[in-house]
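Listing of my_file.txt; format and content: compact mmCIF, C-alpha atoms.
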```
# COMPACT_ATOMS: atom_id res chain seq x y z
CA MET A 18 -17.13 33.42 4.25
CA SER A 19 -19.23 33.47 1.06
CA SER A 20 -17.33 34.16 -2.10
CA SER A 21 -18.07 37.39 -3.84
CA HIS A 22 -18.14 36.13 -7.40
CA PRO A 23 -21.29 34.88 -9.14
CA ARG A 24 -22.28 31.50 -7.74
CA ALA A 25 -22.00 28.42 -9.87
CA ALA A 26 -25.17 27.31 -11.58
CA PRO A 27 -25.04 24.81 -14.42
CA ALA A 28 -28.31 26.16 -15.86
CA PRO A 29 -29.56 29.28 -14.12
CA PRO A 30 -33.36 29.17 -13.93
CA ARG A 31 -35.09 31.92 -15.85
CA GLN A 32 -37.50 34.04 -13.91
CA ARG A 33 -40.00 34.22 -16.73
CA PRO A 34 -41.46 31.10 -18.31
CA ARG A 35 -40.07 30.37 -21.77
CA LYS A 36 -42.89 29.89 -24.17
CA ARG A 37 -41.35 30.09 -27.62
CA ALA A 38 -38.71 27.61 -28.68
CA GLY A 39 -35.77 29.25 -30.43
CA ARG A 40 -36.11 32.47 -28.54
CA ARG A 41 -32.82 34.25 -27.93
CA PRO A 42 -31.75 33.03 -24.52
CA GLY A 43 -30.51 36.34 -23.14
CA GLU A 44 -27.94 36.81 -20.42
CA SER A 45 -28.69 33.76 -18.27
CA GLY A 46 -28.73 31.54 -21.34
CA THR A 47 -25.38 32.90 -22.51
CA ARG A 48 -23.95 32.36 -19.06
CA ALA A 49 -25.23 28.78 -19.05
CA ALA A 50 -23.77 28.15 -22.50
CA ILE A 51 -20.37 29.42 -21.32
CA LEU A 52 -20.52 27.23 -18.21
CA ALA A 53 -21.46 24.16 -20.24
CA ALA A 54 -18.60 24.77 -22.68
CA ALA A 55 -16.20 25.42 -19.80
CA THR A 56 -17.21 22.22 -18.00
CA ARG A 57 -16.56 20.14 -21.13
CA HIS A 58 -13.35 21.98 -21.91
CA PHE A 59 -11.85 21.73 -18.42
CA ALA A 60 -12.75 18.04 -18.25
CA GLN A 61 -11.15 17.32 -21.61
CA ARG A 62 -8.02 19.46 -21.37
CA GLY A 63 -7.53 19.95 -17.66
CA TYR A 64 -7.16 23.35 -16.01
CA ASP A 65 -3.69 24.30 -17.19
CA ARG A 66 -4.26 23.80 -20.91
CA ALA A 67 -7.76 25.25 -21.02
CA SER A 68 -8.06 28.72 -22.56
CA LEU A 69 -10.79 31.33 -22.34
CA ARG A 70 -10.57 31.83 -26.12
CA ALA A 71 -11.18 28.15 -26.84
CA ILE A 72 -14.05 28.01 -24.34
CA ALA A 73 -15.53 31.16 -25.89
CA ALA A 74 -15.29 29.64 -29.35
CA GLU A 75 -16.99 26.47 -28.13
CA ALA A 76 -19.77 28.50 -26.53
CA GLY A 77 -20.08 30.71 -29.60
CA VAL A 78 -19.40 33.95 -27.73
CA ASP A 79 -16.67 36.56 -27.64
CA HIS A 80 -14.08 35.73 -24.99
CA ARG A 81 -14.50 39.19 -23.47
CA LEU A 82 -17.99 38.11 -22.51
CA ILE A 83 -16.49 35.39 -20.32
CA VAL A 84 -14.30 37.97 -18.62
CA HIS A 85 -17.39 40.13 -18.20
CA PHE A 86 -19.41 37.34 -16.58
CA PHE A 87 -16.73 35.49 -14.62
CA GLY A 88 -13.70 37.75 -14.34
CA SER A 89 -10.99 35.15 -14.95
CA LYS A 90 -10.23 31.57 -15.88
CA GLN A 91 -9.90 30.78 -12.20
CA ARG A 92 -13.37 32.06 -11.37
CA LEU A 93 -14.86 30.42 -14.43
CA PHE A 94 -13.41 27.12 -13.19
CA VAL A 95 -14.87 27.61 -9.72
CA ALA A 96 -18.28 28.24 -11.26
CA ALA A 97 -18.07 25.39 -13.78
CA VAL A 98 -17.01 22.79 -11.20
CA GLY A 99 -19.61 24.04 -8.76
CA LEU A 100 -17.17 24.87 -5.98
CA PRO A 101 -19.22 26.70 -3.35
CA LEU A 102 -16.34 28.99 -2.50
CA ASP A 103 -13.19 30.01 -4.26
CA PRO A 104 -10.19 28.57 -2.43
CA ALA A 105 -7.96 31.01 -4.26
CA GLU A 106 -9.80 33.81 -2.45
CA ILE A 107 -10.49 32.16 0.90
CA VAL A 108 -7.07 30.83 1.72
CA PRO A 109 -5.08 34.04 1.19
CA ARG A 110 -7.67 35.85 3.30
CA ILE A 111 -7.12 33.36 6.13
CA LEU A 112 -3.34 33.36 5.80
CA ALA A 113 -2.75 37.04 5.15
CA GLY A 114 -3.74 38.41 8.57
CA ASP A 115 -1.71 38.40 11.77
CA ARG A 116 -0.32 35.04 12.84
CA ALA A 117 -1.91 35.31 16.29
CA GLY A 118 -5.41 35.35 14.84
CA LEU A 119 -4.84 32.53 12.37
CA GLY A 120 -6.46 29.80 14.47
CA GLU A 121 -9.53 31.90 14.95
CA ARG A 122 -9.86 32.66 11.23
CA VAL A 123 -9.47 28.98 10.39
CA GLU A 124 -12.12 28.04 12.95
CA GLU A 125 -14.51 30.64 11.59
CA PHE A 126 -14.02 29.21 8.13
CA VAL A 127 -14.57 25.59 9.22
CA LEU A 128 -17.65 26.64 11.15
CA ALA A 129 -19.07 28.32 8.06
CA VAL A 130 -18.47 25.16 6.01
CA LEU A 131 -20.25 23.00 8.61
CA GLU A 132 -23.12 25.40 9.20
CA ARG A 133 -24.00 26.08 5.60
CA PRO A 134 -25.40 23.18 3.59
CA GLU A 135 -24.95 25.12 0.36
CA ILE A 136 -21.23 24.92 1.07
CA HIS A 137 -20.68 21.45 2.53
CA ALA A 138 -23.20 19.70 0.29
CA ARG A 139 -21.45 21.10 -2.76
CA LEU A 140 -18.02 20.24 -1.41
CA ALA A 141 -19.24 16.68 -0.85
CA GLY A 142 -20.48 16.65 -4.45
CA VAL A 143 -17.10 17.77 -5.76
CA VAL A 144 -15.32 15.13 -3.66
CA ARG A 145 -17.69 12.45 -5.01
CA ALA A 146 -17.04 13.59 -8.57
CA ALA A 147 -13.26 13.65 -8.06
CA ALA A 148 -13.37 10.17 -6.53
CA SER A 149 -15.31 8.64 -9.40
CA GLU A 150 -14.09 10.63 -12.43
CA PRO A 151 -10.34 10.87 -13.10
CA GLN A 152 -10.92 13.90 -15.34
CA VAL A 153 -12.42 15.80 -12.42
CA ALA A 154 -9.54 14.76 -10.17
CA ARG A 155 -7.05 15.99 -12.76
CA MET A 156 -8.61 19.39 -13.30
CA LEU A 157 -8.95 19.91 -9.55
CA ARG A 158 -5.32 18.90 -9.03
CA GLU A 159 -4.18 21.38 -11.70
CA PHE A 160 -6.44 24.16 -10.47
CA LEU A 161 -5.42 23.77 -6.83
CA GLY A 162 -1.75 23.51 -7.72
CA ARG A 163 -1.74 26.62 -9.86
CA GLU A 164 -4.21 28.89 -8.07
CA LEU A 165 -3.98 27.84 -4.47
CA PHE A 166 -1.05 25.87 -3.13
CA ALA A 167 1.74 27.89 -4.69
CA ARG A 168 0.29 31.20 -3.52
CA ALA A 169 -0.56 29.92 -0.09
CA ALA A 170 2.97 28.60 0.30
CA GLU A 171 4.32 32.11 -0.34
CA LEU A 172 2.01 33.52 2.31
CA ILE A 173 3.11 30.93 4.84
CA GLY A 174 6.68 31.84 4.00
CA ARG A 175 8.32 28.49 4.70
CA ASP A 176 10.05 26.07 2.40
CA ASP A 177 7.45 23.43 3.15
CA GLY A 178 4.51 25.82 2.77
CA ALA A 179 2.92 23.99 -0.13
CA LEU A 180 2.98 20.66 1.69
CA ARG A 181 1.50 22.34 4.75
CA VAL A 182 -1.43 23.66 2.72
CA ASN A 183 -1.83 20.24 1.04
CA LEU A 184 -2.19 18.62 4.46
CA ALA A 185 -4.54 21.31 5.74
CA ALA A 186 -6.71 20.72 2.68
CA ALA A 187 -6.49 16.96 3.27
CA GLN A 188 -7.86 17.45 6.78
CA LEU A 189 -10.79 19.46 5.44
CA VAL A 190 -11.52 16.91 2.71
CA GLY A 191 -11.34 14.08 5.25
CA LEU A 192 -13.89 15.92 7.39
CA ILE A 193 -16.22 16.26 4.39
CA VAL A 194 -15.90 12.55 3.56
CA ALA A 195 -16.28 11.32 7.13
CA ARG A 196 -19.17 13.61 8.11
CA TYR A 197 -21.13 13.95 4.89
CA VAL A 198 -20.17 11.15 2.49
CA VAL A 199 -19.73 8.16 4.82
CA GLY A 200 -21.52 9.76 7.77
CA VAL A 201 -19.59 8.20 10.66
CA GLU A 202 -21.02 8.74 14.12
CA PRO A 203 -20.86 10.67 16.35
CA LEU A 204 -19.05 13.08 13.98
CA ALA A 205 -21.95 13.26 11.52
CA SER A 206 -24.50 14.28 14.15
CA LEU A 207 -22.57 16.60 16.42
CA PRO A 208 -23.20 20.34 16.12
CA PRO A 209 -20.77 22.47 14.09
CA ALA A 210 -19.66 24.30 17.22
CA THR A 211 -18.38 21.03 18.72
CA VAL A 212 -16.60 19.84 15.60
CA ALA A 213 -15.14 23.05 14.18
CA PRO A 214 -12.61 23.87 16.93
CA ARG A 215 -11.05 20.40 16.77
CA VAL A 216 -10.72 20.40 13.00
CA ALA A 217 -9.52 24.00 13.01
CA ARG A 218 -6.81 23.15 15.50
CA ALA A 219 -5.53 20.35 13.27
CA ILE A 220 -5.61 22.57 10.18
CA THR A 221 -3.83 25.42 11.96
CA SER A 222 -1.20 23.03 13.25
CA HIS A 223 -0.55 21.75 9.72
CA LEU A 224 -0.21 25.32 8.50
CA VAL A 225 2.17 26.81 11.04
CA ASP A 226 3.34 24.57 13.88
CA PRO A 227 7.07 23.83 13.91
CA LEU A 228 7.86 20.19 13.14
CA MET B 27 1.20 -3.72 10.25
CA SER B 28 -0.26 -6.35 7.96
CA SER B 29 -3.39 -7.99 9.24
CA SER B 30 -3.11 -11.62 10.16
CA HIS B 31 -6.37 -12.83 8.69
CA PRO B 32 -6.70 -14.11 5.12
CA ARG B 33 -6.48 -11.25 2.66
CA ALA B 34 -9.49 -10.19 0.67
CA ALA B 35 -9.71 -11.58 -2.81
CA PRO B 36 -12.99 -11.44 -4.72
CA ALA B 37 -12.01 -14.46 -6.77
CA PRO B 38 -8.82 -16.14 -5.57
CA PRO B 39 -6.86 -17.42 -8.56
CA ARG B 40 -6.41 -21.17 -8.65
CA GLN B 41 -2.87 -22.42 -8.84
CA ARG B 42 -3.73 -25.18 -11.29
CA PRO B 43 -5.38 -24.43 -14.62
CA ARG B 44 -9.05 -25.36 -14.74
CA LYS B 45 -9.72 -27.48 -17.73
CA ARG B 46 -13.11 -29.01 -17.20
CA ALA B 47 -16.19 -26.86 -16.82
CA GLY B 48 -18.45 -27.92 -13.97
CA ARG B 49 -15.60 -29.29 -11.93
CA ARG B 50 -16.15 -28.99 -8.19
CA PRO B 51 -14.60 -25.66 -7.28
CA GLY B 52 -12.82 -26.79 -4.13
CA GLU B 53 -11.73 -24.57 -1.26
CA SER B 54 -10.87 -21.40 -3.18
CA GLY B 55 -14.11 -21.63 -5.13
CA THR B 56 -16.12 -22.01 -1.93
CA ARG B 57 -14.31 -19.06 -0.41
CA ALA B 58 -15.04 -16.98 -3.49
CA ALA B 59 -18.70 -17.99 -3.40
CA ILE B 60 -18.93 -16.92 0.25
CA LEU B 61 -17.25 -13.59 -0.52
CA ALA B 62 -19.58 -12.94 -3.44
CA ALA B 63 -22.65 -13.70 -1.31
CA ALA B 64 -21.28 -11.59 1.53
CA THR B 65 -20.60 -8.63 -0.76
CA ARG B 66 -24.17 -8.71 -2.07
CA HIS B 67 -25.63 -9.25 1.37
CA PHE B 68 -23.69 -6.47 3.11
CA ALA B 69 -24.54 -4.07 0.29
CA GLN B 70 -28.25 -4.90 0.47
CA ARG B 71 -28.73 -5.11 4.23
CA GLY B 72 -25.86 -3.10 5.63
CA TYR B 73 -23.43 -4.44 8.21
CA ASP B 74 -25.65 -4.47 11.27
CA ARG B 75 -28.51 -6.50 9.81
CA ALA B 76 -26.36 -8.94 7.86
CA SER B 77 -26.09 -12.44 9.34
CA LEU B 78 -23.61 -15.23 8.72
CA ARG B 79 -26.48 -17.73 8.43
CA ALA B 80 -28.19 -15.73 5.69
CA ILE B 81 -24.90 -15.26 3.85
CA ALA B 82 -24.18 -18.99 4.18
CA ALA B 83 -27.62 -19.83 2.80
CA GLU B 84 -27.06 -17.49 -0.14
CA ALA B 85 -23.67 -19.06 -0.83
CA GLY B 86 -25.09 -22.56 -0.41
CA VAL B 87 -22.70 -23.54 2.39
CA ASP B 88 -22.93 -24.34 6.09
CA HIS B 89 -22.40 -21.19 8.16
CA ARG B 90 -19.66 -22.95 10.12
CA LEU B 91 -17.65 -22.96 6.94
CA ILE B 92 -17.70 -19.14 6.99
CA VAL B 93 -16.41 -19.16 10.53
CA HIS B 94 -13.75 -21.64 9.44
CA PHE B 95 -12.59 -19.47 6.54
CA PHE B 96 -13.05 -15.98 7.96
CA GLY B 97 -13.42 -16.28 11.72
CA SER B 98 -16.21 -13.75 12.25
CA LYS B 99 -18.70 -11.43 10.57
CA GLN B 100 -16.25 -8.60 11.13
CA ARG B 101 -13.44 -10.36 9.29
CA LEU B 102 -15.77 -11.53 6.55
CA PHE B 103 -16.74 -7.90 6.03
CA VAL B 104 -13.14 -6.78 5.86
CA ALA B 105 -12.46 -9.43 3.22
CA ALA B 106 -15.65 -8.77 1.23
CA VAL B 107 -15.13 -5.00 1.06
CA GLY B 108 -11.47 -5.47 0.22
CA LEU B 109 -10.12 -3.53 3.17
CA PRO B 110 -6.36 -4.10 3.13
CA LEU B 111 -6.19 -4.14 6.91
CA ASP B 112 -8.70 -4.69 9.64
CA PRO B 113 -9.24 -1.44 11.53
CA ALA B 114 -10.82 -3.42 14.35
CA GLU B 115 -7.43 -5.07 14.87
CA ILE B 116 -5.09 -2.20 14.04
CA VAL B 117 -6.59 0.55 16.13
CA PRO B 118 -6.74 -1.31 19.45
CA ARG B 119 -3.14 -2.38 18.87
CA ILE B 120 -2.13 1.27 18.43
CA LEU B 121 -4.19 2.53 21.35
CA ALA B 122 -3.56 -0.27 23.83
CA GLY B 123 0.14 0.36 24.52
CA ASP B 124 1.66 3.02 26.74
CA ARG B 125 0.55 6.59 26.09
CA ALA B 126 4.13 7.81 25.67
CA GLY B 127 4.69 5.56 22.66
CA LEU B 128 1.38 6.36 20.97
CA GLY B 129 2.76 8.93 18.54
CA GLU B 130 5.43 6.50 17.42
CA ARG B 131 2.94 3.68 16.86
CA VAL B 132 0.67 5.98 14.86
CA GLU B 133 3.61 7.12 12.74
CA GLU B 134 4.69 3.54 12.10
CA PHE B 135 1.16 2.74 10.96
CA VAL B 136 0.88 5.78 8.65
CA LEU B 137 4.31 4.97 7.21
CA ALA B 138 3.19 1.40 6.45
CA VAL B 139 0.07 2.72 4.68
CA LEU B 140 2.15 5.10 2.56
CA GLU B 141 4.91 2.63 1.79
CA ARG B 142 2.76 -0.30 0.77
CA PRO B 143 0.73 0.09 -2.42
CA GLU B 144 -1.30 -3.01 -1.59
CA ILE B 145 -2.59 -1.03 1.39
CA HIS B 146 -3.04 2.51 0.10
CA ALA B 147 -4.27 1.51 -3.35
CA ARG B 148 -6.98 -0.61 -1.77
CA LEU B 149 -7.89 2.11 0.71
CA ALA B 150 -8.23 4.52 -2.20
CA GLY B 151 -10.48 1.98 -3.91
CA VAL B 152 -12.72 1.71 -0.85
CA VAL B 153 -12.92 5.51 -0.56
CA ARG B 154 -13.88 5.73 -4.25
CA ALA B 155 -16.57 3.10 -3.79
CA ALA B 156 -17.94 4.80 -0.68
CA ALA B 157 -18.03 8.14 -2.49
CA SER B 158 -19.96 6.83 -5.47
CA GLU B 159 -22.15 4.09 -3.93
CA PRO B 160 -24.39 4.99 -0.98
CA GLN B 161 -24.71 1.29 -0.10
CA VAL B 162 -20.97 1.04 0.38
CA ALA B 163 -20.96 4.20 2.50
CA ARG B 164 -23.75 2.77 4.66
CA MET B 165 -22.11 -0.57 5.31
CA LEU B 166 -18.78 1.10 6.08
CA ARG B 167 -20.51 3.51 8.46
CA GLU B 168 -22.20 0.64 10.27
CA PHE B 169 -19.08 -1.51 10.36
CA LEU B 170 -16.85 1.26 11.65
CA GLY B 171 -19.40 2.34 14.23
CA ARG B 172 -19.90 -1.13 15.62
CA GLU B 173 -16.45 -2.66 15.34
CA LEU B 174 -14.11 0.29 15.61
CA PHE B 175 -15.21 3.59 17.04
CA ALA B 176 -17.01 2.30 20.12
CA ARG B 177 -14.12 0.03 21.12
CA ALA B 178 -11.50 2.64 20.39
CA ALA B 179 -13.39 5.16 22.48
CA GLU B 180 -13.18 2.78 25.46
CA LEU B 181 -9.45 2.43 24.97
CA ILE B 182 -8.98 6.19 24.84
CA GLY B 183 -10.99 6.43 28.02
CA ARG B 184 -12.53 9.86 27.49
CA ASP B 185 -16.11 10.91 27.01
CA ASP B 186 -15.28 12.26 23.58
CA GLY B 187 -13.26 9.18 22.57
CA ALA B 188 -15.49 8.19 19.67
CA LEU B 189 -15.36 11.67 18.15
CA ARG B 190 -11.59 11.67 18.56
CA VAL B 191 -11.29 8.43 16.62
CA ASN B 192 -13.73 9.75 13.99
CA LEU B 193 -11.47 12.75 13.44
CA ALA B 194 -8.30 10.68 13.39
CA ALA B 195 -9.91 8.48 10.73
CA ALA B 196 -10.98 11.60 8.84
CA GLN B 197 -7.37 12.77 8.73
CA LEU B 198 -6.25 9.42 7.32
CA VAL B 199 -9.03 9.38 4.73
CA GLY B 200 -8.20 12.95 3.73
CA LEU B 201 -4.59 11.91 3.20
CA ILE B 202 -5.71 9.03 0.96
CA VAL B 203 -7.94 11.32 -1.10
CA ALA B 204 -5.40 14.14 -1.42
CA ARG B 205 -2.36 11.96 -2.16
CA TYR B 206 -3.85 9.08 -4.15
CA VAL B 207 -7.27 10.08 -5.49
CA VAL B 208 -6.78 13.74 -6.44
CA GLY B 209 -2.98 13.62 -6.33
CA VAL B 210 -2.23 17.15 -5.14
CA GLU B 211 1.40 18.23 -5.28
CA PRO B 212 3.81 18.20 -3.58
CA LEU B 213 2.00 15.80 -1.22
CA ALA B 214 1.53 13.12 -3.89
CA SER B 215 5.22 12.94 -4.80
CA LEU B 216 6.97 13.34 -1.47
CA PRO B 217 8.46 10.24 0.14
CA PRO B 218 6.51 8.47 2.90
CA ALA B 219 9.17 9.40 5.45
CA THR B 220 8.48 13.12 4.85
CA VAL B 221 4.71 12.83 4.95
CA ALA B 222 4.10 10.26 7.69
CA PRO B 223 5.39 12.25 10.71
CA ARG B 224 3.18 15.23 9.89
CA VAL B 225 0.06 13.18 9.41
CA ALA B 226 0.86 11.06 12.45
CA ARG B 227 1.21 14.16 14.59
CA ALA B 228 -2.25 15.36 13.53
CA ILE B 229 -3.80 11.94 14.16
CA THR B 230 -2.15 11.61 17.55
CA SER B 231 -3.32 15.09 18.49
CA HIS B 232 -6.90 14.20 17.57
CA LEU B 233 -6.66 11.06 19.69
CA VAL B 234 -5.23 12.39 22.92
CA ASP B 235 -4.41 16.09 23.10
CA PRO B 236 -6.45 18.09 25.60
CA LEU B 237 -8.81 20.54 23.97
```
Take the structure in this file and express it as structure tokens.
Amino acid sequence: MSSSHPRAAPAPPRQRPRKRAGRRPGESGTRAAILAAATRHFAQRGYDRASLRAIAAEAGVDHRLIVHFFGSKQRLFVAAVGLPLDPAEIVPRILAGDRAGLGERVEEFVLAVLERPEIHARLAGVVRAAASEPQVARMLREFLGRELFARAAELIGRDDGALRVNLAAAQLVGLIVARYVVGVEPLASLPPATVAPRVARAITSHLVDPL
Amino acid sequence: MSSSHPRAAPAPPRQRPRKRAGRRPGESGTRAAILAAATRHFAQRGYDRASLRAIAAEAGVDHRLIVHFFGSKQRLFVAAVGLPLDPAEIVPRILAGDRAGLGERVEEFVLAVLERPEIHARLAGVVRAAASEPQVARMLREFLGRELFARAAELIGRDDGALRVNLAAAQLVGLIVARYVVGVEPLASLPPATVAPRVARAITSHLVDPL
């Protein structure tokens, strides 16, 4: 369930201590400069209007370096926002397989979210940021609309596919808020194996059950 | 679907213009003073440890006046936090009737939330506050645990009743975040009549479907 691209890190720690100010920062410093520029740029312009060239210019690097480090605008966004997994990779993987195994793949995914703090703590952080900063909400809305919902709808192959994925995502976000942000009991304290099947069933139902 | 108790209003507007400073504030002023004291008190002490007497002392009024205006600690909380409806009244009403009509009652409720901006806009505000202020999250967690989930679990009459209501609430909160806070499309633009049945089905399933 982990994403295969480089994980987000606003300022990757250097392994060696930096002793001299003004020293050329090297690869991790360049990566951090790109991420910082991308974070500002996405917040100011949203996802749709952001361009790798403009971000590269702001970071003072060639835009091919961004492609080298991050692969695409989509992956750069995932890293800049600190999403712990790339929904544009996860969701097609879940939806693409056979329909009979869908529920199981969803449950496996939910279980991974609940079991791994590096995933759910970051998701909770993104939800907090989206709830308090309209700019974050906007860039998430644009990113999810362009990179996730439209593609997922095609995979579901129904006219209402996009709405179905919206509601599945809403169920996941509600779980994050209830369990990790507000911390309602008993949900917050129950083991992942108890919670995941129930949430997975609701998500699967949103995705494919006839109305 | 509207709650029958006085609606929350941090500072109820006076009908007549106030011309003289220092004038005795009258009923609406007293109510506002109680709400202000309650808001501070709940935030500082949480819901469980807050007491009407301490809030009355802080507001400089007799605690019977709080009972007169708000009825109970639970209702005072609902008013102070700005909840547009009292979950401790709504949920038993939905759960208490015949099982066969449950889905319909849930759908009616979800429809009312979606159709009435004075409800969903306030819910979105409470979610935002809970996401950015740990004190708000704590008092909500305590309030919901004491006044809602335990009672609802009894009405559902299953060992896992509280978890079921937790998950139903999570689905509603996720809808609020996705539709009103982040604004994902098409969910954010579709009419309530399209969205409500799908969300209601998921909530009803959480509440009563066998595992």
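The residue that comes closest to chain A, out of B:Arg167, B:Arg71, B:Arg205, B:Arg125 and on the basis of only C-alpha atoms, is B:Arg167.
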Please report as a PDB file with C-alpha atoms, keeping the file's coordinate frame which residues of chain B come no farther than 6 Å from chain A, using only C-alpha atoms.
```pdb
ATOM      1  CA  ARG B 154     -13.880   5.730  -4.250  1.00  0.00           C
ATOM      2  CA  ALA B 157     -18.030   8.140  -2.490  1.00  0.00           C
ATOM      3  CA  ALA B 163     -20.960   4.200   2.500  1.00  0.00           C
ATOM      4  CA  ARG B 167     -20.510   3.510   8.460  1.00  0.00           C
ATOM      5  CA  LEU B 189     -15.360  11.670  18.150  1.00  0.00           C
ATOM      6  CA  ALA B 196     -10.980  11.600   8.840  1.00  0.00           C
ATOM      7  CA  GLN B 197      -7.370  12.770   8.730  1.00  0.00           C
ATOM      8  CA  VAL B 199      -9.030   9.380   4.730  1.00  0.00           C
ATOM      9  CA  GLY B 200      -8.200  12.950   3.730  1.00  0.00           C
ATOM     10  CA  LEU B 201      -4.590  11.910   3.200  1.00  0.00           C
ATOM     11  CA  ALA B 204      -5.400  14.140  -1.420  1.00  0.00           C
ATOM     12  CA  VAL B 208      -6.780  13.740  -6.440  1.00  0.00           C
ATOM     13  CA  VAL B 210      -2.230  17.150  -5.140  1.00  0.00           C
ATOM     14  CA  PRO B 212       3.810  18.200  -3.580  1.00  0.00           C
ATOM     15  CA  LEU B 213       2.000  15.800  -1.220  1.00  0.00           C
ATOM     16  CA  ALA B 228      -2.250  15.360  13.530  1.00  0.00           C
TER      17      ALA B 228
END
```
Go ahead and compute the interatomic distance for CA of Val117 in chain B and CA of Thr221 in chain A, in Å to one decimal. 25.4 Å
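CA of Ile107 in chain A sits 11.4 Å away from CA of Val127 in chain A.
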Mind checking which residues fall within 7 Å of Leu137 in chain B, counting only C-alpha atoms, ignoring those fewer than 6 positions away in the same chain, and posting them as an mmCIF file with C-alpha atoms, in the frame of the given file?
```cif
data_model
loop_
_atom_site.group_PDB
_atom_site.id
_atom_site.type_symbol
_atom_site.label_atom_id
_atom_site.label_comp_id
_atom_site.auth_asym_id
_atom_site.auth_seq_id
_atom_site.Cartn_x
_atom_site.Cartn_y
_atom_site.Cartn_z
ATOM 1 C CA PRO B 218 6.510 8.470 2.900
ATOM 2 C CA ALA B 219 9.170 9.400 5.450
ATOM 3 C CA ALA B 222 4.100 10.260 7.690
#
```
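Of the listed residues B:Lys99, B:Ile60, B:Val139, B:Val93, the one whose atoms come nearest to Arg75 in chain B is B:Lys99, with distances taken using only C-alpha atoms.
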One decimal, Å: what's the distance from CA of Leu112 in chain A over to CA of Arg168 in chain A, could you say?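 Rounded to one decimal, the two atoms are 10.2 Å apart.
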Given all atoms listed in the file as the counted atoms, nearest of B:Val107, B:Val234, B:Ala226, B:Ala62 to Ala138 in chain B: B:Ala226
Which residues, written as a PyMOL selection string, have at least one atom at most 8 Å from Ile92 in chain B, with all atoms listed in the file counted and residues fewer than 3 positions away on the same chain left out? chain B and resi 60+78+82+88-89+95-98+102
Export of the given selection (C-alpha atoms) as a PDB file, in the coordinates of the input:
```
ATOM      1  CA  ILE B  60     -18.930 -16.920   0.250  1.00  0.00           C
ATOM      2  CA  LEU B  78     -23.610 -15.230   8.720  1.00  0.00           C
ATOM      3  CA  ALA B  82     -24.180 -18.990   4.180  1.00  0.00           C
ATOM      4  CA  ASP B  88     -22.930 -24.340   6.090  1.00  0.00           C
ATOM      5  CA  HIS B  89     -22.400 -21.190   8.160  1.00  0.00           C
ATOM      6  CA  PHE B  95     -12.590 -19.470   6.540  1.00  0.00           C
ATOM      7  CA  PHE B  96     -13.050 -15.980   7.960  1.00  0.00           C
ATOM      8  CA  GLY B  97     -13.420 -16.280  11.720  1.00  0.00           C
ATOM      9  CA  SER B  98     -16.210 -13.750  12.250  1.00  0.00           C
ATOM     10  CA  LEU B 102     -15.770 -11.530   6.550  1.00  0.00           C
TER      11      LEU B 102
END
```
Which one of A:Glu75, A:Asp115, A:Asp65, A:Glu171 sits closest to Ala50 in chain A if you count all atoms listed in the file?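 Among A:Glu75, A:Asp115, A:Asp65, A:Glu171, it is A:Glu75 that comes nearest to Ala50 in chain A.
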